[in-house]
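What's in entry.txt: compact mmCIF, C-alpha atoms
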```txt
# COMPACT_ATOMS: atom_id res chain seq x y z
CA MET A 65 35.87 140.34 89.63
CA PRO A 66 35.62 138.26 86.45
CA ASN A 67 38.37 138.56 83.86
CA PRO A 68 37.70 141.02 81.04
CA SER A 69 36.35 139.28 77.94
CA ILE A 70 37.71 139.46 74.41
CA LEU A 71 35.89 138.09 71.37
CA ILE A 72 38.27 137.29 68.52
CA LEU A 73 36.91 137.29 64.96
CA PRO A 74 39.83 136.36 62.68
CA GLY A 75 37.77 136.58 59.49
CA ASP A 76 39.20 135.88 56.05
CA GLY A 77 42.46 135.93 54.10
CA ILE A 78 45.40 136.82 56.30
CA GLY A 79 43.09 137.52 59.25
CA PRO A 80 43.64 134.13 60.96
CA GLU A 81 47.42 134.38 60.50
CA VAL A 82 47.86 137.82 62.03
CA MET A 83 45.35 137.07 64.78
CA ALA A 84 47.35 133.98 65.78
CA GLU A 85 50.23 136.30 66.69
CA VAL A 86 47.92 138.51 68.74
CA ARG A 87 46.74 135.46 70.67
CA LYS A 88 50.36 134.72 71.59
CA ILE A 89 50.78 138.26 72.88
CA ILE A 90 47.53 138.12 74.86
CA SER A 91 48.89 134.95 76.49
CA TRP A 92 52.19 136.71 77.24
CA PHE A 93 50.41 139.49 79.13
CA GLY A 94 48.52 136.87 81.12
CA ASP A 95 51.64 134.86 81.95
CA LYS A 96 54.13 137.70 82.52
CA ARG A 97 52.03 140.70 83.57
CA GLY A 98 49.06 139.13 85.32
CA LEU A 99 46.55 140.53 82.80
CA GLN A 100 44.14 137.65 82.39
CA PHE A 101 41.49 137.75 79.69
CA ASP A 102 38.64 135.37 78.91
CA VAL A 103 39.14 134.85 75.17
CA SER A 104 36.59 133.32 72.81
CA GLU A 105 36.58 133.04 69.03
CA ASP A 106 33.93 133.04 66.30
CA LEU A 107 33.39 133.67 62.57
CA VAL A 108 32.80 136.79 60.52
CA GLY A 109 32.84 137.67 56.84
CA GLY A 110 33.33 135.00 54.23
CA ALA A 111 34.17 132.39 56.85
CA ALA A 112 30.79 133.02 58.49
CA TYR A 113 29.01 132.92 55.12
CA ASP A 114 30.56 129.54 54.34
CA LYS A 115 29.13 128.09 57.56
CA HIS A 116 25.94 130.07 58.15
CA GLY A 117 24.98 131.54 54.78
CA LYS A 118 25.36 135.06 56.21
CA PRO A 119 28.44 137.19 57.00
CA LEU A 120 27.62 137.41 60.71
CA ALA A 121 25.43 134.97 62.63
CA ASP A 122 22.95 136.39 65.12
CA GLU A 123 24.63 134.38 67.88
CA THR A 124 27.98 135.99 67.05
CA MET A 125 26.39 139.43 67.08
CA ALA A 126 25.03 138.70 70.54
CA LYS A 127 28.50 137.65 71.75
CA ALA A 128 29.98 140.88 70.40
CA GLN A 129 27.41 142.92 72.31
CA GLU A 130 28.45 141.23 75.56
CA ALA A 131 32.24 141.27 75.07
CA ASP A 132 34.44 143.89 76.69
CA ALA A 133 36.35 144.15 73.41
CA VAL A 134 36.11 142.61 69.95
CA LEU A 135 39.30 141.99 67.94
CA LEU A 136 38.72 141.53 64.20
CA GLY A 137 41.24 140.43 61.58
CA ALA A 138 39.96 141.11 58.05
CA VAL A 139 37.01 140.23 55.83
CA GLY A 140 36.49 139.56 52.15
CA GLY A 141 38.13 137.88 49.21
CA PRO A 142 37.59 137.08 45.52
CA ALA A 143 35.62 133.92 46.32
CA TYR A 144 32.78 136.14 47.55
CA ASP A 145 32.81 138.83 44.86
CA ASP A 146 29.69 137.51 43.10
CA LEU A 147 27.53 137.25 46.22
CA ASP A 148 24.48 139.44 46.60
CA PHE A 149 25.34 142.78 48.21
CA SER A 150 23.30 141.89 51.31
CA VAL A 151 25.52 138.91 52.19
CA LYS A 152 28.95 140.11 51.09
CA PRO A 153 31.61 139.61 53.81
CA GLU A 154 31.89 143.34 54.44
CA ARG A 155 28.26 143.45 55.57
CA GLY A 156 29.29 141.50 58.66
CA LEU A 157 31.73 144.22 59.67
CA LEU A 158 29.20 146.97 58.95
CA ARG A 159 26.61 145.16 61.06
CA LEU A 160 29.02 145.03 63.99
CA ARG A 161 29.71 148.75 63.71
CA LYS A 162 26.06 149.68 63.34
CA GLU A 163 24.44 147.44 65.97
CA MET A 164 27.19 148.07 68.53
CA ASP A 165 26.75 151.78 67.71
CA LEU A 166 30.48 152.33 67.32
CA TYR A 167 30.30 155.99 66.41
CA SER A 168 33.92 157.02 67.07
CA ASN A 169 36.61 155.53 64.83
CA LEU A 170 40.18 156.16 65.97
CA ARG A 171 42.79 155.90 63.22
CA PRO A 172 46.34 156.64 64.37
CA ALA A 173 48.98 157.49 61.78
CA GLN A 174 52.35 157.06 63.44
CA CYS A 175 55.64 156.95 61.56
CA PHE A 176 58.23 154.84 63.37
CA ASP A 177 61.74 156.23 62.96
CA ALA A 178 62.97 152.94 61.47
CA LEU A 179 60.37 153.18 58.69
CA ALA A 180 60.58 156.89 57.86
CA ASP A 181 62.20 156.09 54.50
CA PHE A 182 59.17 154.03 53.48
CA SER A 183 56.90 157.02 53.10
CA SER A 184 56.45 158.52 49.65
CA LEU A 185 57.17 161.89 51.29
CA LYS A 186 60.57 163.17 52.33
CA LYS A 187 61.90 161.76 55.58
CA ASP A 188 62.03 165.12 57.35
CA ILE A 189 58.32 165.65 56.58
CA VAL A 190 57.16 162.39 58.22
CA ALA A 191 59.82 161.44 60.79
CA GLY A 192 58.24 161.53 64.23
CA LEU A 193 54.70 161.83 62.83
CA ASP A 194 51.99 160.94 65.37
CA ILE A 195 48.45 161.89 64.31
CA MET A 196 45.12 160.58 65.54
CA ILE A 197 42.13 160.88 63.23
CA VAL A 198 38.71 160.59 64.85
CA ARG A 199 36.13 159.64 62.21
CA GLU A 200 32.41 159.61 62.94
CA LEU A 201 31.46 156.09 61.89
CA THR A 202 27.72 155.37 62.03
CA SER A 203 26.04 158.33 60.33
CA GLY A 204 26.60 160.66 57.40
CA VAL A 205 26.39 159.86 53.71
CA TYR A 206 27.04 156.14 54.12
CA PHE A 207 23.87 155.67 56.15
CA GLY A 208 21.61 158.61 55.23
CA GLU A 209 18.21 158.17 53.60
CA PRO A 210 16.99 158.38 50.92
CA ARG A 211 19.56 156.37 49.05
CA GLY A 212 19.52 154.16 45.98
CA ILE A 213 19.41 154.16 42.18
CA PHE A 214 16.15 155.46 40.76
CA GLU A 215 14.53 156.18 37.40
CA GLU A 216 14.13 159.88 36.72
CA GLY A 217 12.72 160.77 33.35
CA ASN A 218 14.59 158.75 30.76
CA GLU A 219 17.69 158.02 32.83
CA ARG A 220 18.81 156.61 36.16
CA VAL A 221 20.01 158.70 39.07
CA GLY A 222 22.10 157.57 42.05
CA ILE A 223 21.20 159.20 45.36
CA ASN A 224 23.04 159.26 48.68
CA THR A 225 22.09 161.61 51.49
CA GLN A 226 24.52 163.38 53.80
CA ARG A 227 22.64 163.65 57.09
CA TYR A 228 23.80 164.50 60.61
CA THR A 229 21.88 165.34 63.77
CA GLU A 230 23.32 167.61 66.44
CA SER A 231 23.57 164.71 68.88
CA GLU A 232 25.48 162.55 66.39
CA ILE A 233 28.00 165.33 65.84
CA GLU A 234 28.26 166.12 69.54
CA ARG A 235 29.10 162.62 70.71
CA ALA A 236 31.83 162.25 68.07
CA ALA A 237 33.18 165.68 69.01
CA ARG A 238 33.29 164.86 72.72
CA SER A 239 35.17 161.65 71.92
CA ALA A 240 37.76 163.69 69.99
CA PHE A 241 38.08 166.38 72.67
CA GLU A 242 38.56 163.76 75.38
CA LEU A 243 41.30 162.18 73.28
CA ALA A 244 42.93 165.56 72.68
CA MET A 245 43.03 166.12 76.45
CA ARG A 246 45.10 162.93 76.75
CA ARG A 247 47.46 163.95 73.95
CA GLY A 248 48.69 167.38 72.83
CA LYS A 249 45.51 169.35 73.62
CA LYS A 250 45.16 170.40 69.99
CA LEU A 251 42.18 169.51 67.78
CA CYS A 252 41.44 170.35 64.15
CA SER A 253 37.89 169.75 62.91
CA MET A 254 37.49 169.21 59.17
CA GLU A 255 34.30 169.60 57.10
CA LYS A 256 32.99 171.53 54.07
CA ALA A 257 31.02 174.30 55.73
CA ASN A 258 31.63 176.47 52.66
CA VAL A 259 29.35 174.34 50.44
CA MET A 260 27.42 171.89 52.67
CA GLU A 261 24.72 172.64 55.25
CA SER A 262 25.78 169.54 57.18
CA GLY A 263 29.24 171.11 57.37
CA ILE A 264 27.80 174.34 58.76
CA LEU A 265 25.99 172.41 61.50
CA TRP A 266 29.11 170.32 62.14
CA ARG A 267 31.23 173.42 62.71
CA GLU A 268 28.61 175.04 64.96
CA VAL A 269 28.22 171.95 67.18
CA VAL A 270 31.97 171.29 67.43
CA THR A 271 32.56 174.93 68.40
CA ARG A 272 29.90 174.70 71.10
CA VAL A 273 31.33 171.46 72.50
CA GLY A 274 34.79 173.01 72.47
CA LYS A 275 33.69 175.52 75.10
CA ASP A 276 33.57 172.60 77.56
CA TYR A 277 37.26 171.94 76.87
CA PRO A 278 38.96 175.32 77.21
CA GLU A 279 42.40 173.69 77.49
CA VAL A 280 42.13 172.28 73.97
CA GLU A 281 43.22 174.51 71.10
CA LEU A 282 40.42 174.12 68.52
CA SER A 283 40.79 174.98 64.84
CA HIS A 284 38.61 174.38 61.79
CA MET A 285 39.66 173.49 58.26
CA TYR A 286 37.86 172.62 55.05
CA ALA A 287 38.40 168.93 54.34
CA ASP A 288 39.93 169.46 50.89
CA ASN A 289 42.51 171.82 52.38
CA GLY A 290 43.02 169.23 55.13
CA ALA A 291 43.99 166.63 52.53
CA MET A 292 46.51 169.04 51.02
CA GLN A 293 47.93 169.97 54.43
CA LEU A 294 48.34 166.29 55.38
CA VAL A 295 50.69 165.93 52.43
CA ARG A 296 52.34 169.35 52.80
CA ALA A 297 52.99 169.53 56.55
CA PRO A 298 51.36 166.62 58.44
CA LYS A 299 53.11 167.29 61.75
CA GLN A 300 51.05 170.46 62.24
CA PHE A 301 48.19 168.16 63.36
CA ASP A 302 47.65 166.18 66.53
CA VAL A 303 43.97 165.11 66.67
CA ILE A 304 41.78 165.52 63.58
CA LEU A 305 37.99 165.22 63.88
CA THR A 306 35.89 164.68 60.78
CA ASP A 307 32.77 163.01 59.43
CA ASN A 308 32.26 159.56 57.96
CA LEU A 309 32.96 160.29 54.30
CA PHE A 310 35.85 162.71 54.75
CA GLY A 311 37.26 160.52 57.51
CA ASP A 312 37.34 157.55 55.17
CA ILE A 313 39.41 159.53 52.67
CA LEU A 314 41.62 161.52 55.03
CA SER A 315 42.55 158.54 57.21
CA ASP A 316 43.71 156.56 54.16
CA CYS A 317 45.72 159.57 53.03
CA ALA A 318 47.32 159.84 56.47
CA ALA A 319 47.92 156.10 56.55
CA MET A 320 50.20 156.19 53.55
CA LEU A 321 52.33 158.92 55.13
CA THR A 322 53.63 156.15 57.38
CA GLY A 323 54.73 153.92 54.50
CA SER A 324 52.75 150.71 55.00
CA LEU A 325 49.13 149.81 55.67
CA GLY A 326 50.48 146.71 57.38
CA MET A 327 51.51 148.90 60.31
CA LEU A 328 48.27 150.69 61.10
CA PRO A 329 45.71 149.75 63.78
CA SER A 330 42.29 151.19 64.47
CA ALA A 331 39.67 151.33 67.22
CA SER A 332 35.93 151.86 66.89
CA LEU A 333 34.33 152.95 70.16
CA GLY A 334 30.76 153.41 71.36
CA ALA A 335 28.91 154.39 74.50
CA PRO A 336 29.98 152.98 77.89
CA MET A 337 28.49 149.66 78.98
CA ALA A 338 27.25 148.94 82.51
CA ASN A 339 30.83 148.17 83.63
CA GLY A 340 32.07 151.54 82.37
CA ARG A 341 34.00 150.14 79.43
CA PRO A 342 33.02 151.41 75.97
CA LYS A 343 31.57 149.14 73.34
CA ALA A 344 34.68 148.52 71.28
CA LEU A 345 35.94 146.89 68.09
CA TYR A 346 39.64 146.83 67.22
CA GLU A 347 40.97 145.93 63.78
CA PRO A 348 43.98 146.51 61.54
CA VAL A 349 43.45 148.94 58.68
CA HIS A 350 44.75 146.54 56.04
CA GLY A 351 42.43 144.21 54.15
CA SER A 352 42.35 140.44 53.82
CA ALA A 353 45.21 140.34 51.25
CA PRO A 354 44.03 137.11 49.60
CA ASP A 355 47.08 137.05 47.30
CA ILE A 356 49.37 136.19 50.24
CA ALA A 357 46.91 134.40 52.53
CA GLY A 358 48.20 131.18 54.02
CA GLN A 359 51.81 131.85 53.00
CA GLY A 360 53.17 133.26 56.27
CA LYS A 361 54.06 136.55 54.57
CA ALA A 362 51.57 138.86 56.29
CA ASN A 363 52.73 141.61 58.63
CA PRO A 364 51.02 141.10 62.02
CA ILE A 365 52.07 144.46 63.49
CA ALA A 366 48.86 146.33 62.66
CA CYS A 367 46.84 143.65 64.41
CA ILE A 368 49.26 143.61 67.35
CA LEU A 369 49.01 147.40 67.67
CA SER A 370 45.22 147.09 67.54
CA PHE A 371 45.47 144.98 70.69
CA ALA A 372 47.67 147.72 72.18
CA MET A 373 44.81 150.13 71.53
CA ALA A 374 42.46 147.70 73.30
CA LEU A 375 44.78 147.69 76.32
CA ARG A 376 44.68 151.49 76.39
CA TYR A 377 41.05 152.31 75.57
CA SER A 378 39.08 149.27 76.82
CA PHE A 379 41.15 148.00 79.74
CA ASP A 380 42.76 151.20 81.09
CA GLN A 381 46.23 149.71 80.75
CA GLY A 382 48.03 152.61 79.14
CA ALA A 383 51.43 151.64 80.58
CA GLU A 384 51.14 148.09 79.23
CA ALA A 385 49.96 149.42 75.87
CA GLY A 386 53.07 151.58 75.82
CA ARG A 387 55.18 148.53 76.68
CA LEU A 388 53.79 146.70 73.65
CA GLU A 389 54.21 149.68 71.33
CA THR A 390 57.80 150.13 72.51
CA ALA A 391 58.47 146.43 71.84
CA VAL A 392 57.23 146.85 68.27
CA GLU A 393 59.41 149.93 67.85
CA LYS A 394 62.46 148.00 69.10
CA VAL A 395 61.85 145.12 66.71
CA LEU A 396 61.68 147.53 63.78
CA ALA A 397 64.78 149.40 64.95
CA ASP A 398 66.60 146.05 65.07
CA GLY A 399 65.85 145.60 61.38
CA VAL A 400 63.32 142.77 61.63
CA ARG A 401 61.13 142.98 58.55
CA THR A 402 58.24 141.18 56.94
CA ALA A 403 58.15 141.29 53.14
CA ASP A 404 56.09 144.49 52.96
CA LEU A 405 58.77 146.39 54.90
CA LEU A 406 61.81 145.46 52.82
CA ALA A 407 63.64 148.49 51.49
CA SER A 408 66.27 146.67 49.43
CA GLU A 409 66.97 143.38 47.75
CA GLY A 410 69.13 140.80 49.43
CA VAL A 411 67.45 141.16 52.82
CA GLU A 412 65.63 138.05 53.99
CA PRO A 413 62.10 138.78 55.24
CA VAL A 414 60.79 137.07 58.34
CA SER A 415 57.54 135.15 58.43
CA THR A 416 54.37 136.27 60.16
CA SER A 417 55.06 133.99 63.12
CA ARG A 418 58.71 135.04 63.41
CA MET A 419 57.67 138.69 63.55
CA GLY A 420 55.28 137.82 66.36
CA ASP A 421 58.03 135.92 68.15
CA ALA A 422 60.36 138.92 67.79
CA VAL A 423 57.80 141.18 69.47
CA ILE A 424 57.45 138.69 72.32
CA ALA A 425 61.25 138.57 72.71
CA ALA A 426 61.26 142.37 72.95
CA LEU A 427 58.49 142.19 75.54
CA ASP A 428 60.58 139.70 77.54
CA ALA A 429 63.51 142.10 77.38
CA SER A 430 61.32 144.88 78.79
CA LEU A 431 60.82 143.07 82.11
```
Mind turning this structure into structure tokens?
Amino acid sequence: MPNPSILILPGDGIGPEVMAEVRKIISWFGDKRGLQFDVSEDLVGGAAYDKHGKPLADETMAKAQEADAVLLGAVGGPAYDDLDFSVKPERGLLRLRKEMDLYSNLRPAQCFDALADFSSLKKDIVAGLDIMIVRELTSGVYFGEPRGIFEEGNERVGINTQRYTESEIERAARSAFELAMRRGKKLCSMEKANVMESGILWREVVTRVGKDYPEVELSHMYADNGAMQLVRAPKQFDVILTDNLFGDILSDCAAMLTGSLGMLPSASLGAPMANGRPKALYEPVHGSAPDIAGQGKANPIACILSFAMALRYSFDQGAEAGRLETAVEKVLADGVRTADLLASEGVEPVSTSRMGDAVIAALDASL
């Protein structure tokens, strides 16, 4: 059997720096655990625009379609702010999501005990938090037609259309129910069925799909109440399922419960390929952070944990994913901190590469 393939797209800003640490960890799993991967690298975002005049070359898109997993760093930066909308760096990421049909976005919000004080909420509210938000990623208001800015009478009107088919809702729902079966068997679906027809259909389809998963406790909640409950009592949730727009908002809200965007990974999954693995893109939640790019200050943990998600969801290596997550937890418990995780003055932050080295040392200690 050939080795599983990984396409690395470091992107812009701090992307190349954090991805360099992931490459070291991929090599560690090959050397110490016998998990060999065929790794290739290409350009996306501003880096791709600089070379190809577009944020994602067709050849790179073809490579992504063939890879068993794509790891992406970050895209964008002020150098590209004045580009036409059609060639902005972010369009490369959106093209990957759309053409790979990555309809299920997994956004974990986990609060490590060592970082519980970093949340803006009280420690007892967030300590031990472990939520998974499943966001439908390729439909809804971000993609619906008609859309645009039009003349209407003597003024302009901006139009975006919230549109969902039953099949689009069902496949996202099944992804969430399958995930709930692997976790706490509890799923809360969030929409606005009180004011939106798309929300009514969403609730009906999710309820129907839930009958195929009788072991999962299903509840429904209006998305605005969901935002309030995430701040009031977040540990009441295990898996949250929601649409593209609400998922964008709720996942960022949940992210800040953990204290730092530099800690949060994500996975975007699609339908299974011929080999049974899902189409998959893994990326940290944080952006390109151009203000610290090239300075060795970036926190690589979100990107490292994104690779842990790849081990679990693309390569069926849940135990090894747990090994990596435990190594990260140990490093944090030992007080190793990049600049974004410093709680007090007088503590010397470690560099991006030293944080990566600390995780590898913890992995070595796990053997």
Any chance you could work out the axis-aligned box around stretch 317-327 of chain A, listed atoms only, 5 Å on each side, giving centre and edge lengths in Å to one decimal, as JSON?
```
{"center_x": 50.2, "center_y": 153.3, "center_z": 56.7, "size_x": 19.0, "size_y": 23.1, "size_z": 17.3}
```
- Restricting the calculation to all atoms listed in the file, which member of A:Gly358, A:Gly311, A:Gly98, A:Pro329 is positioned closest to A:Gly79?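 Closest residue, counting all atoms listed in the file: A:Gly358.
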- Message: Need the shell around A:Gln300: protein/DNA/RNA residues with any atom at most 10 Å away, counting all atoms listed in the file. Skip same-chain ones fewer than 5 positions apart. Format as a PyMOL selection string?
- Response: chain A and resi 193+195+250+252+293-294
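Nearest residue to A:Ala237, choosing from A:Gly222, A:Gly420, A:Gly274, A:Gly212 and counting all atoms listed in the file: A:Gly274.
The coordinates place atom CA of A:Met292 at 12.8 Å from atom CA of A:Leu185.
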- Counting only C-alpha atoms, the residue of A:Phe371, A:Leu406, A:Ser378, A:Thr202 that sits nearest A:Asn339: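 Counting only C-alpha atoms, the residue closest to A:Asn339 is A:Ser378.
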- Task: Fewer than 2 positions away in the same chain doesn't count, so skip those; otherwise give me all residues within 12 Å of A:Phe379, counting only C-alpha atoms, as a list of chain:residue names.
- Result: A:Asn67, A:Pro68, A:Ser69, A:Ile70, A:Leu99, A:Gln100, A:Phe101, A:Asp132, A:Ala133, A:Asn339, A:Gly340, A:Arg341, A:Pro342, A:Lys343, A:Ala344, A:Phe371, A:Ala372, A:Met373, A:Ala374, A:Leu375, A:Arg376, A:Tyr377, A:Gln381, A:Gly382, A:Ala383, A:Glu384, A:Ala385
- Item | Neighbour list for A:Met260 as an MDAnalysis selection string, cut-off 12 Å, all atoms listed in the file, skip fewer than 4 positions in-chain | chainID A and resid 225:228 255:256 264:267 286:287
Preceding selection exported with C-alpha atoms as a tab-separated table (two decimals), in the coordinates of the input:
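Below is the file that was written, result.tsv:
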```tsv
chain	number	residue	atom	x	y	z
A	225	THR	CA	22.09	161.61	51.49
A	226	GLN	CA	24.52	163.38	53.80
A	227	ARG	CA	22.64	163.65	57.09
A	228	TYR	CA	23.80	164.50	60.61
A	255	GLU	CA	34.30	169.60	57.10
A	256	LYS	CA	32.99	171.53	54.07
A	264	ILE	CA	27.80	174.34	58.76
A	265	LEU	CA	25.99	172.41	61.50
A	266	TRP	CA	29.11	170.32	62.14
A	267	ARG	CA	31.23	173.42	62.71
A	286	TYR	CA	37.86	172.62	55.05
A	287	ALA	CA	38.40	168.93	54.34
```
- Length of the atom CA of A:Val139 to atom CA of A:Gly323 vector [Å]: 22.4 Å
- Message: Between atom CA of A:Val151 and atom CA of A:Ala138, what is the distance in Å, rounded to a tenth?
- Response: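 Calculated distance between atom CA of A:Val151 and atom CA of A:Ala138 is 15.7 Å.
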- Query: Nearest to A:Lys152 among A:Val108, A:Ala338, A:Val392, A:Ala357, with distances taken over all atoms listed in the file: which residue is it?
  - Reply: A:Val108
With a distance cut-off of 7 Å and only C-alpha atoms, select the neighbouring residues of stretch 175-179 of chain A, excluding the residue or stretch itself and same-chain residues fewer than 4 positions from it, and output the selection as a compact mmCIF listing (two decimals) with C-alpha atoms, keeping the file's coordinate frame.
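This went into selection-v6.txt:
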```txt
# COMPACT_ATOMS: atom_id res chain seq x y z
CA VAL A 190 57.16 162.39 58.22
CA ALA A 191 59.82 161.44 60.79
CA GLY A 192 58.24 161.53 64.23
CA LEU A 193 54.70 161.83 62.83
CA ASP A 194 51.99 160.94 65.37
CA THR A 322 53.63 156.15 57.38
CA GLU A 393 59.41 149.93 67.85
CA LEU A 396 61.68 147.53 63.78
CA ALA A 397 64.78 149.40 64.95
```
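For the set A:Gly156, A:Gly386, A:Gly217, A:Pro354, the residue with the smallest atom-to-atom gap to A:Gly117 is A:Gly156, counting all atoms listed in the file.
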- Item | Nearest to A:Ala319, chosen from A:Cys367, A:Leu135, A:Ile90, A:Ala173, with only C-alpha atoms counted in the distances |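 Going through A:Cys367, A:Leu135, A:Ile90, A:Ala173 one by one, the smallest distance to A:Ala319 is for A:Ala173.
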Need the shell around A:Pro278: protein/DNA/RNA residues with any atom at most 12 Å away, counting only C-alpha atoms. Skip same-chain ones fewer than 5 positions apart. Format as a PDB file with C-alpha atoms, in the frame of the given file?
```
ATOM      1  CA  PHE A 241      38.080 166.380  72.670  1.00  0.00           C
ATOM      2  CA  GLU A 242      38.560 163.760  75.380  1.00  0.00           C
ATOM      3  CA  ALA A 244      42.930 165.560  72.680  1.00  0.00           C
ATOM      4  CA  MET A 245      43.030 166.120  76.450  1.00  0.00           C
ATOM      5  CA  LYS A 249      45.510 169.350  73.620  1.00  0.00           C
ATOM      6  CA  LYS A 250      45.160 170.400  69.990  1.00  0.00           C
ATOM      7  CA  LEU A 251      42.180 169.510  67.780  1.00  0.00           C
ATOM      8  CA  THR A 271      32.560 174.930  68.400  1.00  0.00           C
ATOM      9  CA  ARG A 272      29.900 174.700  71.100  1.00  0.00           C
ATOM     10  CA  VAL A 273      31.330 171.460  72.500  1.00  0.00           C
TER      11      VAL A 273
END
```
